[in-house]
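Visitor: Input file: protein.txt. Contents: compact mmCIF, C-alpha atoms (C1' of nucleotides).
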```txt
# COMPACT_ATOMS: atom_id res chain seq x y z
CA MET A 342 29.78 97.21 37.37
CA GLY A 343 29.89 94.65 40.13
CA ARG A 344 32.69 93.89 42.44
CA TRP A 345 33.25 90.55 40.74
CA GLU A 346 32.84 89.14 37.28
CA PRO A 347 29.19 88.23 36.78
CA ASP A 348 27.64 84.75 36.49
CA SER A 349 29.95 82.76 38.73
CA ARG A 350 27.68 79.77 38.42
CA GLY A 351 27.76 79.78 34.65
CA ARG A 352 31.52 80.24 34.59
CA LEU A 353 31.95 77.26 36.89
CA GLU A 354 29.69 75.13 34.70
CA THR A 355 31.58 76.09 31.56
CA ALA A 356 34.97 75.53 33.14
CA ALA A 357 33.91 72.16 34.49
CA LEU A 358 32.49 70.88 31.21
CA ALA A 359 35.65 71.97 29.39
CA LEU A 360 38.03 70.38 31.88
CA PHE A 361 36.02 67.17 32.15
CA GLY A 362 36.09 66.96 28.37
CA GLU A 363 39.83 67.52 28.21
CA ARG A 364 41.09 65.23 30.94
CA GLY A 365 38.08 63.42 32.34
CA PHE A 366 36.00 63.81 35.45
CA GLU A 367 38.28 62.01 37.87
CA ASN A 368 41.43 63.72 36.70
CA THR A 369 39.97 67.13 37.30
CA THR A 370 39.94 68.59 40.79
CA VAL A 371 37.44 71.08 42.07
CA VAL A 372 40.31 73.44 42.79
CA GLU A 373 41.19 73.39 39.10
CA ILE A 374 37.64 74.06 38.01
CA ALA A 375 37.37 76.98 40.38
CA ALA A 376 40.73 78.35 39.29
CA ARG A 377 39.75 78.29 35.62
CA ALA A 378 36.57 80.16 36.52
CA GLY A 379 38.61 82.69 38.48
CA LEU A 380 37.15 81.56 41.79
CA THR A 381 38.04 79.38 44.75
CA GLU A 382 37.10 75.86 45.72
CA ARG A 383 34.94 77.17 48.56
CA THR A 384 32.85 79.19 46.17
CA PHE A 385 32.34 76.17 43.94
CA PHE A 386 30.72 74.34 46.83
CA ARG A 387 28.50 77.31 47.55
CA TYR A 388 26.91 76.86 44.13
CA PHE A 389 27.01 73.09 43.80
CA ALA A 390 26.34 70.53 46.51
CA ASP A 391 29.04 68.29 45.10
CA LYS A 392 31.45 67.98 42.22
CA ARG A 393 29.03 66.08 39.98
CA GLU A 394 26.19 68.50 40.39
CA VAL A 395 27.93 71.10 38.24
CA LEU A 396 26.80 69.09 35.19
CA PHE A 397 23.16 68.88 36.18
CA GLY A 398 22.02 72.45 36.56
CA GLY A 399 19.50 72.07 33.73
CA ALA A 400 17.50 69.37 35.47
CA GLY A 401 15.46 71.92 37.37
CA ALA A 402 14.24 73.63 34.21
CA LEU A 403 13.40 70.28 32.68
CA ARG A 404 11.38 69.31 35.71
CA GLU A 405 9.45 72.55 35.65
CA LEU A 406 8.65 72.08 32.00
CA LEU A 407 7.44 68.52 32.54
CA VAL A 408 5.36 69.33 35.58
CA GLY A 409 3.99 72.47 33.97
CA THR A 410 2.90 70.57 30.89
CA VAL A 411 1.21 67.86 32.92
CA ASP A 412 -0.49 70.39 35.17
CA GLY A 413 -1.70 72.36 32.18
CA ALA A 414 -3.20 69.45 30.24
CA PRO A 415 -6.98 69.16 29.77
CA GLU A 416 -8.61 67.60 32.76
CA ASN A 417 -10.07 64.55 31.06
CA ALA A 418 -7.04 63.68 28.93
CA ASP A 419 -5.58 60.19 29.21
CA PRO A 420 -2.73 60.30 31.76
CA LEU A 421 -0.22 58.40 29.68
CA ASP A 422 -0.92 60.61 26.69
CA VAL A 423 -0.37 63.64 28.88
CA VAL A 424 2.96 62.35 30.11
CA VAL A 425 4.15 61.49 26.64
CA ALA A 426 3.20 64.96 25.46
CA ALA A 427 5.18 66.44 28.32
CA PHE A 428 8.26 64.47 27.34
CA GLU A 429 7.82 65.56 23.76
CA ALA A 430 7.97 69.13 24.98
CA ALA A 431 11.09 68.33 26.99
CA ALA A 432 12.65 66.74 23.92
CA ALA A 433 11.96 69.86 21.90
CA MET A 434 13.67 71.90 24.59
CA LEU A 435 16.79 69.72 24.57
CA GLN A 436 16.89 69.69 20.80
CA GLU A 437 17.59 73.40 20.76
CA ARG A 438 20.90 72.82 22.50
CA ARG A 439 21.97 69.66 20.76
CA GLU A 440 25.68 70.55 20.68
CA PHE A 441 25.79 71.19 24.39
CA ALA A 442 23.76 68.06 25.09
CA LEU A 443 26.17 65.95 23.04
CA ARG A 444 29.31 67.20 24.75
CA ARG A 445 27.70 66.84 28.13
CA GLN A 446 26.52 63.34 27.37
CA ALA A 447 29.97 62.27 26.22
CA VAL A 448 31.41 63.37 29.54
CA ILE A 449 28.71 61.60 31.51
CA ALA A 450 28.96 58.39 29.52
CA ALA A 451 32.68 58.20 30.30
CA ASN A 452 32.23 58.05 34.06
CA THR A 453 30.27 55.76 36.36
CA GLU A 454 29.67 58.33 39.08
CA LEU A 455 28.18 60.71 36.56
CA ARG A 456 25.99 58.03 35.07
CA GLU A 457 24.72 57.37 38.57
CA ARG A 458 23.86 60.98 39.05
CA GLU A 459 22.09 61.10 35.73
CA VAL A 460 19.99 58.09 36.58
CA ILE A 461 18.95 59.60 39.87
CA LYS A 462 18.03 62.84 38.13
CA LEU A 463 15.75 60.87 35.86
CA ALA A 464 14.27 59.18 38.90
CA LEU A 465 13.61 62.59 40.43
CA LEU A 466 11.91 63.70 37.23
CA ALA A 467 9.78 60.58 37.37
CA ALA A 468 8.82 61.34 40.96
CA ALA A 469 7.85 64.91 40.07
CA VAL A 470 5.76 63.74 37.14
CA ALA A 471 4.10 61.10 39.31
CA ASP A 472 3.20 63.78 41.84
CA ALA A 473 1.70 65.91 39.11
CA LEU A 474 -0.39 62.93 38.00
CA ARG A 475 -1.64 62.31 41.53
CA ARG A 476 -2.75 65.91 41.65
CA ARG A 477 -4.91 65.06 38.65
CA GLY A 478 -6.49 62.22 40.56
CA VAL A 479 -4.45 59.33 39.16
CA SER A 480 -4.05 56.53 41.71
CA GLU A 481 -0.83 56.04 43.67
CA THR A 482 0.45 52.99 41.82
CA ALA A 483 -0.73 54.07 38.39
CA ALA A 484 1.00 57.43 38.81
CA SER A 485 4.35 55.77 39.49
CA LEU A 486 3.89 53.31 36.68
CA ILE A 487 2.96 55.95 34.14
CA ALA A 488 5.74 58.30 35.18
CA ASP A 489 8.32 55.52 35.04
CA THR A 490 6.97 54.48 31.67
CA GLY A 491 7.42 58.03 30.46
CA ILE A 492 11.03 57.97 31.60
CA ALA A 493 11.57 54.66 29.85
CA ILE A 494 10.21 56.09 26.63
CA PHE A 495 12.29 59.22 27.03
CA SER A 496 15.49 57.28 27.73
CA ALA A 497 15.07 55.03 24.74
CA ALA A 498 14.37 58.00 22.49
CA PHE A 499 17.28 59.96 23.92
CA ALA A 500 19.70 57.12 23.21
CA ALA A 501 18.45 57.01 19.62
CA TRP A 502 18.70 60.78 19.27
CA ILE A 503 22.29 60.80 20.50
CA ASN A 504 23.53 57.72 18.71
CA GLU A 505 21.79 57.55 15.37
CA THR A 506 23.86 58.77 12.47
CA GLU A 507 20.86 60.13 10.62
CA HIS A 508 19.72 62.92 12.90
CA ARG A 509 16.00 62.72 13.37
CA GLU A 510 13.74 64.98 15.37
CA PHE A 511 13.88 64.17 19.07
CA PRO A 512 10.12 64.65 19.72
CA LEU A 513 9.41 62.37 16.81
CA LEU A 514 11.61 59.71 18.35
CA ILE A 515 9.61 60.02 21.56
CA ARG A 516 6.45 59.32 19.64
CA GLU A 517 8.06 56.31 17.97
CA SER A 518 9.19 54.86 21.29
CA PHE A 519 5.70 55.33 22.62
CA ASP A 520 4.24 53.48 19.68
CA GLU A 521 6.72 50.70 20.18
CA LEU A 522 5.83 50.42 23.84
CA ARG A 523 2.15 50.18 23.01
CA ALA A 524 2.86 47.47 20.50
CA VAL A 525 4.87 45.59 23.09
CA THR A 526 2.28 45.73 25.85
CA ALA A 527 -0.52 44.92 23.46
CA GLY A 528 1.28 41.71 22.58
CA ALA A 529 1.55 40.44 26.15
CA THR A 530 -0.77 38.02 27.91
CA ARG A 531 -4.42 38.77 27.43
CA PRO A 532 -6.73 37.69 30.24
CA MET B 1232 41.02 26.90 61.68
CA GLY B 1233 42.10 29.87 59.64
CA ARG B 1234 44.43 32.59 60.66
CA TRP B 1235 41.50 35.01 60.87
CA GLU B 1236 37.84 34.81 61.70
CA PRO B 1237 35.98 33.65 58.60
CA ASP B 1238 33.59 35.61 56.36
CA SER B 1239 35.09 39.06 56.63
CA ARG B 1240 32.74 40.30 53.96
CA GLY B 1241 29.66 39.11 55.76
CA ARG B 1242 30.86 40.53 59.06
CA LEU B 1243 31.41 43.90 57.43
CA GLU B 1244 27.92 43.83 55.91
CA THR B 1245 26.32 42.94 59.21
CA ALA B 1246 28.27 45.55 61.14
CA ALA B 1247 27.44 48.20 58.59
CA LEU B 1248 23.71 47.51 58.52
CA ALA B 1249 23.60 47.56 62.30
CA LEU B 1250 25.52 50.80 62.65
CA PHE B 1251 23.62 52.52 59.84
CA GLY B 1252 20.41 51.51 61.57
CA GLU B 1253 21.58 52.83 64.93
CA ARG B 1254 23.03 56.17 63.99
CA GLY B 1255 22.47 56.63 60.29
CA PHE B 1256 24.69 56.30 57.25
CA GLU B 1257 26.35 59.69 57.46
CA ASN B 1258 27.13 59.44 61.15
CA THR B 1259 28.92 56.17 60.71
CA THR B 1260 32.53 56.09 59.54
CA VAL B 1261 34.14 53.25 57.67
CA VAL B 1262 36.68 52.97 60.48
CA GLU B 1263 33.84 52.24 62.90
CA ILE B 1264 32.30 49.61 60.65
CA ALA B 1265 35.62 47.89 60.24
CA ALA B 1266 36.32 48.04 63.97
CA ARG B 1267 32.99 46.41 64.82
CA ALA B 1268 33.79 43.66 62.34
CA GLY B 1269 37.23 43.23 63.92
CA LEU B 1270 39.00 44.53 60.81
CA THR B 1271 40.62 47.69 59.52
CA GLU B 1272 39.43 50.42 57.20
CA ARG B 1273 41.81 49.25 54.49
CA THR B 1274 40.27 45.80 54.49
CA PHE B 1275 36.80 47.28 54.14
CA PHE B 1276 37.87 48.94 50.92
CA ARG B 1277 39.30 45.68 49.65
CA TYR B 1278 35.82 44.16 49.76
CA PHE B 1279 33.72 47.16 48.82
CA ALA B 1280 34.51 49.78 46.24
CA ASP B 1281 32.99 52.46 48.42
CA LYS B 1282 31.10 52.93 51.65
CA ARG B 1283 27.67 52.58 50.09
CA GLU B 1284 28.42 49.36 48.29
CA VAL B 1285 28.38 47.40 51.54
CA LEU B 1286 24.58 47.49 51.39
CA PHE B 1287 24.28 46.21 47.84
CA GLY B 1288 26.03 42.89 47.82
CA GLY B 1289 22.82 41.06 46.94
CA ALA B 1290 22.34 42.85 43.65
CA GLY B 1291 24.55 40.37 41.85
CA ALA B 1292 22.44 37.38 42.87
CA LEU B 1293 19.29 39.22 41.86
CA ARG B 1294 20.74 39.97 38.44
CA GLU B 1295 21.73 36.37 37.90
CA LEU B 1296 18.26 35.22 38.81
CA LEU B 1297 16.62 37.69 36.44
CA VAL B 1298 18.93 36.98 33.56
CA GLY B 1299 18.75 33.25 34.17
CA THR B 1300 14.97 33.28 34.14
CA VAL B 1301 14.83 35.30 30.93
CA ASP B 1302 17.44 33.12 29.26
CA GLY B 1303 15.59 29.99 30.28
CA ALA B 1304 12.14 31.02 29.06
CA PRO B 1305 10.51 29.27 26.06
CA GLU B 1306 11.77 30.68 22.81
CA ASN B 1307 8.47 31.92 21.45
CA ALA B 1308 7.15 33.44 24.67
CA ASP B 1309 6.10 37.08 24.65
CA PRO B 1310 9.08 39.19 25.82
CA LEU B 1311 7.12 41.30 28.28
CA ASP B 1312 5.53 38.22 29.81
CA VAL B 1313 8.98 36.70 30.17
CA VAL B 1314 10.31 39.77 31.93
CA VAL B 1315 7.37 39.96 34.28
CA ALA B 1316 7.81 36.31 35.14
CA ALA B 1317 11.47 36.96 35.89
CA PHE B 1318 10.57 39.76 38.27
CA GLU B 1319 8.01 37.52 39.94
CA ALA B 1320 10.82 35.07 40.60
CA ALA B 1321 12.96 37.87 41.99
CA ALA B 1322 10.11 38.97 44.21
CA ALA B 1323 9.76 35.45 45.56
CA MET B 1324 13.46 35.47 46.35
CA LEU B 1325 13.26 38.73 48.27
CA GLN B 1326 10.16 37.61 50.11
CA GLU B 1327 12.16 34.93 51.84
CA ARG B 1328 14.24 37.56 53.57
CA ARG B 1329 11.57 40.10 54.31
CA GLU B 1330 12.98 41.14 57.69
CA PHE B 1331 16.38 41.86 56.24
CA ALA B 1332 14.85 43.63 53.25
CA LEU B 1333 12.80 45.88 55.53
CA ARG B 1334 15.71 46.93 57.71
CA ARG B 1335 17.88 47.51 54.70
CA GLN B 1336 15.20 49.54 52.97
CA ALA B 1337 14.67 51.73 56.01
CA VAL B 1338 18.37 52.58 56.02
CA ILE B 1339 18.38 53.32 52.30
CA ALA B 1340 15.23 55.42 52.42
CA ALA B 1341 16.79 57.65 55.06
CA ASN B 1342 19.71 58.75 52.91
CA THR B 1343 19.94 60.38 49.51
CA GLU B 1344 23.29 58.88 48.56
CA LEU B 1345 21.95 55.41 49.26
CA ARG B 1346 18.80 56.04 47.28
CA GLU B 1347 21.03 57.08 44.40
CA ARG B 1348 22.95 53.88 44.61
CA GLU B 1349 19.77 51.85 44.71
CA VAL B 1350 18.43 53.57 41.63
CA ILE B 1351 21.60 52.86 39.72
CA LYS B 1352 21.48 49.23 40.80
CA LEU B 1353 18.00 49.02 39.35
CA ALA B 1354 19.26 50.62 36.17
CA LEU B 1355 21.99 48.00 35.98
CA LEU B 1356 19.40 45.27 36.43
CA ALA B 1357 17.39 46.81 33.61
CA ALA B 1358 20.46 46.84 31.39
CA ALA B 1359 21.18 43.19 32.13
CA VAL B 1360 17.60 42.21 31.39
CA ALA B 1361 17.63 44.23 28.18
CA ASP B 1362 20.77 42.39 27.10
CA ALA B 1363 19.11 39.07 27.80
CA LEU B 1364 16.16 40.14 25.68
CA ARG B 1365 18.41 41.13 22.80
CA ARG B 1366 19.93 37.69 22.95
CA ARG B 1367 16.42 36.41 22.33
CA GLY B 1368 16.17 38.54 19.22
CA VAL B 1369 14.20 41.45 20.63
CA SER B 1370 15.07 44.71 18.90
CA GLU B 1371 17.37 47.29 20.47
CA THR B 1372 14.73 49.83 21.44
CA ALA B 1373 12.08 47.31 22.42
CA ALA B 1374 14.54 45.54 24.70
CA SER B 1375 15.25 48.74 26.63
CA LEU B 1376 11.60 49.64 26.81
CA ILE B 1377 10.52 46.24 28.06
CA ALA B 1378 13.31 46.01 30.60
CA ASP B 1379 12.58 49.49 31.94
CA THR B 1380 8.91 48.63 32.06
CA GLY B 1381 9.76 45.57 34.11
CA ILE B 1382 11.70 47.73 36.54
CA ALA B 1383 8.80 50.16 36.77
CA ILE B 1384 6.44 47.31 37.60
CA PHE B 1385 8.88 45.89 40.12
CA SER B 1386 9.44 49.24 41.82
CA ALA B 1387 5.75 49.94 42.17
CA ALA B 1388 5.12 46.47 43.56
CA PHE B 1389 8.10 46.73 45.92
CA ALA B 1390 6.80 49.98 47.37
CA ALA B 1391 3.44 48.36 47.96
CA TRP B 1392 5.06 45.29 49.51
CA ILE B 1393 7.08 47.40 51.93
CA ASN B 1394 4.46 49.97 52.83
CA GLU B 1395 1.15 48.21 52.89
CA THR B 1396 -0.07 47.30 56.34
CA GLU B 1397 -1.80 44.15 55.15
CA HIS B 1398 1.11 42.05 54.01
CA ARG B 1399 0.36 40.55 50.66
CA GLU B 1400 2.49 38.24 48.56
CA PHE B 1401 5.18 40.12 46.70
CA PRO B 1402 4.90 38.12 43.44
CA LEU B 1403 1.16 38.71 43.49
CA LEU B 1404 1.77 42.44 43.76
CA ILE B 1405 4.00 42.22 40.71
CA ARG B 1406 1.18 40.66 38.77
CA GLU B 1407 -1.19 43.37 39.94
CA SER B 1408 1.15 46.14 38.87
CA PHE B 1409 1.49 44.49 35.52
CA ASP B 1410 -2.26 44.37 35.10
CA GLU B 1411 -2.49 48.00 36.05
CA LEU B 1412 0.15 48.94 33.52
CA ARG B 1413 -1.70 47.11 30.79
CA ALA B 1414 -4.89 48.87 31.70
CA VAL B 1415 -3.09 52.19 31.56
CA THR B 1416 -1.48 51.69 28.19
CA ALA B 1417 -4.66 50.24 26.73
CA GLY B 1418 -6.42 53.47 27.63
CA ALA B 1419 -4.00 55.76 25.79
CA THR B 1420 -4.36 57.16 22.29
CA ARG B 1421 -5.43 54.62 19.74
CA PRO B 1422 -4.28 55.26 16.17
C1' DT C 169 27.12 112.10 53.02
C1' DA C 170 28.55 109.23 56.94
C1' DG C 171 27.79 105.06 58.67
C1' DA C 172 25.51 100.77 59.16
C1' DG C 173 24.23 96.76 56.78
C1' DT C 174 24.41 93.07 52.93
C1' DG C 175 25.92 89.61 50.09
C1' DA C 176 29.27 87.34 47.35
C1' DT C 177 33.71 85.81 47.91
C1' DG C 178 38.25 84.41 50.08
C1' DA C 179 41.29 82.17 53.62
C1' DC C 180 42.09 78.52 56.52
C1' DA C 181 41.63 74.58 59.31
C1' DG C 182 39.90 70.04 59.58
C1' DC C 183 37.32 65.51 58.86
C1' DA C 184 36.52 61.43 56.41
C1' DA C 185 36.44 58.81 52.06
C1' DC C 186 39.48 56.52 49.32
C1' DT C 187 44.24 54.87 47.30
C1' DG C 188 49.04 53.11 46.70
C1' DA C 189 53.00 50.85 48.55
C1' DC C 190 54.90 47.85 51.44
C1' DA C 191 55.06 44.68 55.63
C1' DT C 192 53.36 40.54 58.03
C1' DC C 193 52.56 35.86 58.87
C1' DA C 194 49.65 31.52 59.04
C1' DA C 195 48.61 28.09 55.81
C1' DC C 196 49.73 25.46 52.02
C1' DC C 197 52.71 23.05 48.65
C1' DG C 198 56.48 20.63 46.59
C1' DC D 792 61.84 22.15 55.41
C1' DG D 793 61.98 26.29 52.66
C1' DG D 794 59.45 28.98 49.36
C1' DT D 795 55.03 30.87 47.92
C1' DT D 796 50.53 32.65 48.53
C1' DG D 797 46.77 35.31 50.09
C1' DA D 798 44.30 37.86 53.46
C1' DT D 799 45.16 41.38 56.42
C1' DG D 800 47.63 45.39 58.72
C1' DT D 801 50.30 49.89 58.65
C1' DC D 802 51.15 54.28 57.02
C1' DA D 803 51.28 58.21 54.34
C1' DG D 804 48.99 60.96 51.07
C1' DT D 805 45.24 63.10 47.96
C1' DT D 806 40.87 65.09 47.51
C1' DG D 807 36.02 65.94 48.23
C1' DC D 808 33.51 68.54 51.27
C1' DT D 809 32.29 71.59 55.57
C1' DG D 810 32.43 75.14 59.33
C1' DT D 811 33.91 79.52 60.55
C1' DC D 812 35.42 83.89 60.22
C1' DA D 813 37.33 87.82 57.50
C1' DT D 814 36.92 91.03 53.59
C1' DC D 815 35.08 94.72 51.04
C1' DA D 816 32.42 96.87 47.07
C1' DC D 817 27.88 98.09 46.97
C1' DT D 818 23.44 99.85 48.95
C1' DC D 819 20.30 101.70 51.91
C1' DT D 820 19.00 104.99 55.35
C1' DA D 821 19.14 108.72 58.53
```
Just give me the structure as structure tokens.

Guide:
Amino acid sequence: MGRWEPDSRGRLETAALALFGERGFENTTVVEIAARAGLTERTFFRYFADKREVLFGGAGALRELLVGTVDGAPENADPLDVVVAAFEAAAAMLQERREFALRRQAVIAANTELREREVIKLALLAAAVADALRRRGVSETAASLIADTGIAIFSAAFAAWINETEHREFPLLIRESFDELRAVTAGATRP
Amino acid sequence: MGRWEPDSRGRLETAALALFGERGFENTTVVEIAARAGLTERTFFRYFADKREVLFGGAGALRELLVGTVDGAPENADPLDVVVAAFEAAAAMLQERREFALRRQAVIAANTELREREVIKLALLAAAVADALRRRGVSETAASLIADTGIAIFSAAFAAWINETEHREFPLLIRESFDELRAVTAGATRP
DNA sequence: TAGAGTGATGACAGCAACTGACATCAACCG
DNA sequence: CGGTTGATGTCAGTTGCTGTCATCACTCTA
């Protein structure tokens, strides 16, 4: 048995999500989060670079899944198809923790700073996916475009998944958004 | 003649960009910015919600231009074409202040917090464009997708405009990114 | 098994971002 | 001419975040 309770990081994350839910992000101090987790403020900042970061621990796993899927796709597959498939896998992953995702999203939606952080996390995911595409030989610009497009599809599907009253499968919603995007671009100016 | 020097806001912006360029964002305090502008810290925070915001005053004008262009487009025009045209207009606007844009971008690129803020500004632009599209009758999901796609095109073109050694016309680069995106989506899975 | 690490945590001091409350005073207005 | 207004200053306080050093159960090694 260790000297301290185990899983400090997890306890901090749980405490933070609970407190943010109860009284909001701004009305919760780091000292309070740490106290509820049975730790001190200093320890909080050893695990998380800043107060917001405590809500974004899962981003790393998501990135690995996305990059892994792209890296593992057949060599001659269409890049956009590959990216969409990767986001479908990510959607499936999130779907398994829908309750957590909902509570977390409610907290984030209620605060501008947190929305900022979420947007930048998405941008980082896009950058990682773009890198993976370049490794497959996709050109500089195309890689960015495709990765950003993937994020756009994912965001649209995520909003639907969270907000729709009839709860449909998240990966299915990804596919639908993709179809919609193809319809949209097909309609635009033809040379 | 006023009681104070005019254009406090502008003086703060100029002082901030200069200081950030000299010693970096993190090594510059708000007190120093205010002092160089002949003002106090408190006044700085009356004009800007936070330290980063001093670099993003132009975002409002950009949004108005985008939204205005979308609102003013012919009623039956293809939504994606309309959005691309709006971003071409925005690109033309930025091109007129290339020097400023370059210095500003160098400062932003050097700091994570500032990159975060820039990403969220782009997200806000996307949201505004999406709203404008909905006003035109475009569906909820399609509006988000098209607006995000526009941002993706803009971002890719902006990177090229800033980084390429041969300086090409920004609006032209937008058009090229758009073409590339269409090529990419045309290549993906066909039903 | 003594003693030297090791690693997670605590204690404490301090900076800088940001805020609220109130004071100031030139310019303007009736 | 006196009152109001609006931009700015002053000051005190909270909180996010960091550097530094101490602590001490556990572990490894001689």

Visitor: Find the nearest atom pair between each residue of chain D and chain B for residues within 9 Å, count all atoms listed in the file, give distances in Å to one decimal, sort rows by chain and ascending number, and present the table as JSON lines.

Guide:
```
{"residue": "D:DA798", "atom": "C1'", "partner": "B:Trp1235", "partner_atom": "CA", "distance": 8.4}
{"residue": "D:DT799", "atom": "C1'", "partner": "B:Thr1274", "partner_atom": "CA", "distance": 6.9}
{"residue": "D:DG800", "atom": "C1'", "partner": "B:Thr1271", "partner_atom": "CA", "distance": 7.4}
```

Visitor: Could the residues in this selection be written to a file with C-alpha atoms (C1' of nucleotides), as a PDB file, in the coordinates of the input?

Guide:
```pdb
ATOM      1  C1'  DA D 798      44.300  37.860  53.460  1.00  0.00           C
ATOM      2  C1'  DT D 799      45.160  41.380  56.420  1.00  0.00           C
ATOM      3  C1'  DG D 800      47.630  45.390  58.720  1.00  0.00           C
TER       4       DG D 800
END
```

Visitor: Do a neighbour search on Trp502 (chain A) at 12 Å with all atoms listed in the file, toss out local chain neighbours closer than 6 positions, and write the hits as a ChimeraX atom specification.

Guide: /A:432-433,435-436,439,442-443,446,495-496,508-515,517-518 /B:1372

Visitor: Hey, could you make a per-residue contact list for chain C against chain A with 9 Å as the cut-off, showing the nearest pair of atoms and its distance in Å to one decimal, counting only C-alpha atoms (C1' of nucleotides), sorted by chain and number, as CSV?

Guide:
```
residue,atom,partner,partner_atom,distance
C:DA176,C1',A:Trp345,CA,8.4
C:DT177,C1',A:Thr384,CA,6.9
C:DG178,C1',A:Thr381,CA,7.3
```

Visitor: Between B:Glu1284, B:Gly1418, B:Leu1345, B:Glu1263, which residue has the minimum interatomic distance to Val423 (chain A), considering all atoms listed in the file?

Guide: B:Gly1418

Visitor: Just how far from CA of Phe1275 (chain B) is CA of Arg1240 (chain B), in Å to one decimal?

Guide: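 About the pair CA of Arg1240 (chain B) and CA of Phe1275 (chain B): they are 8.1 Å apart.
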
Visitor: Give me the chain A side of the contact with chain B, cut-off 6 Å, one line per residue showing its nearest atom pair and distance in Å at one decimal, counting all atoms listed in the file, sorted by chain and residue number, as CSV.

Guide:
```
residue,atom,partner,partner_atom,distance
A:Asp419,CA,B:Ala1419,CA,5.8
A:Asp422,CA,B:Ala1419,CA,5.8
A:Glu457,CA,B:Ile1351,CA,5.6
A:Ile461,CA,B:Glu1347,CA,5.6
A:Leu486,CA,B:Ala1383,CA,5.8
A:Asp489,CA,B:Ala1383,CA,5.7
A:Ala493,CA,B:Asp1379,CA,5.7
A:Ala529,CA,B:Asp1312,CA,5.8
```

Visitor: How about saving the chosen residues, C-alpha atoms kept, as a PDB file, keeping the file's coordinate frame?

Guide:
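The result, stored in result28.pdb:
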```
ATOM      1  CA  ASP A 419      -5.580  60.190  29.210  1.00  0.00           C
ATOM      2  CA  ASP A 422      -0.920  60.610  26.690  1.00  0.00           C
ATOM      3  CA  GLU A 457      24.720  57.370  38.570  1.00  0.00           C
ATOM      4  CA  ILE A 461      18.950  59.600  39.870  1.00  0.00           C
ATOM      5  CA  LEU A 486       3.890  53.310  36.680  1.00  0.00           C
ATOM      6  CA  ASP A 489       8.320  55.520  35.040  1.00  0.00           C
ATOM      7  CA  ALA A 493      11.570  54.660  29.850  1.00  0.00           C
ATOM      8  CA  ALA A 529       1.550  40.440  26.150  1.00  0.00           C
TER       9      ALA A 529
END
```

Visitor: Just to confirm, what's the straight-line distance from C1' of DC180 (chain C) to CA of Ala357 (chain A) in Å (one decimal)?

Guide: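 Distance reported for this atom pair: 24.3 Å.
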
Visitor: One decimal, in Å: what's the spacing between CA of Gly1368 (chain B) and CA of Glu1306 (chain B)?

Guide: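 Here the two named atoms are 9.7 Å from each other.
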
Visitor: Complete region 1261-1272 of chain B with N, CA and C atoms (output as a tab-separated table (two decimals), in the coordinates of the input).

Guide:
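Saved the output as rebuild.tsv:
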```
chain	number	residue	atom	x	y	z
B	1261	VAL	N	33.67	54.56	58.11
B	1261	VAL	CA	34.14	53.25	57.67
B	1261	VAL	C	35.05	52.63	58.73
B	1262	VAL	N	35.81	53.47	59.40
B	1262	VAL	CA	36.68	52.97	60.48
B	1262	VAL	C	35.84	52.27	61.54
B	1263	GLU	N	34.70	52.84	61.87
B	1263	GLU	CA	33.84	52.24	62.90
B	1263	GLU	C	33.27	50.90	62.43
B	1264	ILE	N	32.83	50.86	61.19
B	1264	ILE	CA	32.30	49.61	60.65
B	1264	ILE	C	33.36	48.52	60.74
B	1265	ALA	N	34.54	48.87	60.25
B	1265	ALA	CA	35.62	47.89	60.24
B	1265	ALA	C	35.95	47.44	61.66
B	1266	ALA	N	35.99	48.37	62.59
B	1266	ALA	CA	36.32	48.04	63.97
B	1266	ALA	C	35.29	47.06	64.53
B	1267	ARG	N	34.00	47.32	64.27
B	1267	ARG	CA	32.99	46.41	64.82
B	1267	ARG	C	33.12	45.02	64.21
B	1268	ALA	N	33.61	44.96	62.99
B	1268	ALA	CA	33.79	43.66	62.34
B	1268	ALA	C	35.14	43.05	62.70
B	1269	GLY	N	35.91	43.74	63.53
B	1269	GLY	CA	37.23	43.23	63.92
B	1269	GLY	C	38.24	43.33	62.79
B	1270	LEU	N	38.09	44.36	61.95
B	1270	LEU	CA	39.00	44.53	60.81
B	1270	LEU	C	39.43	45.98	60.72
B	1271	THR	N	40.18	46.30	59.68
B	1271	THR	CA	40.62	47.69	59.52
B	1271	THR	C	39.95	48.34	58.31
B	1272	GLU	N	40.02	49.65	58.28
B	1272	GLU	CA	39.43	50.42	57.20
B	1272	GLU	C	39.92	49.90	55.84
```
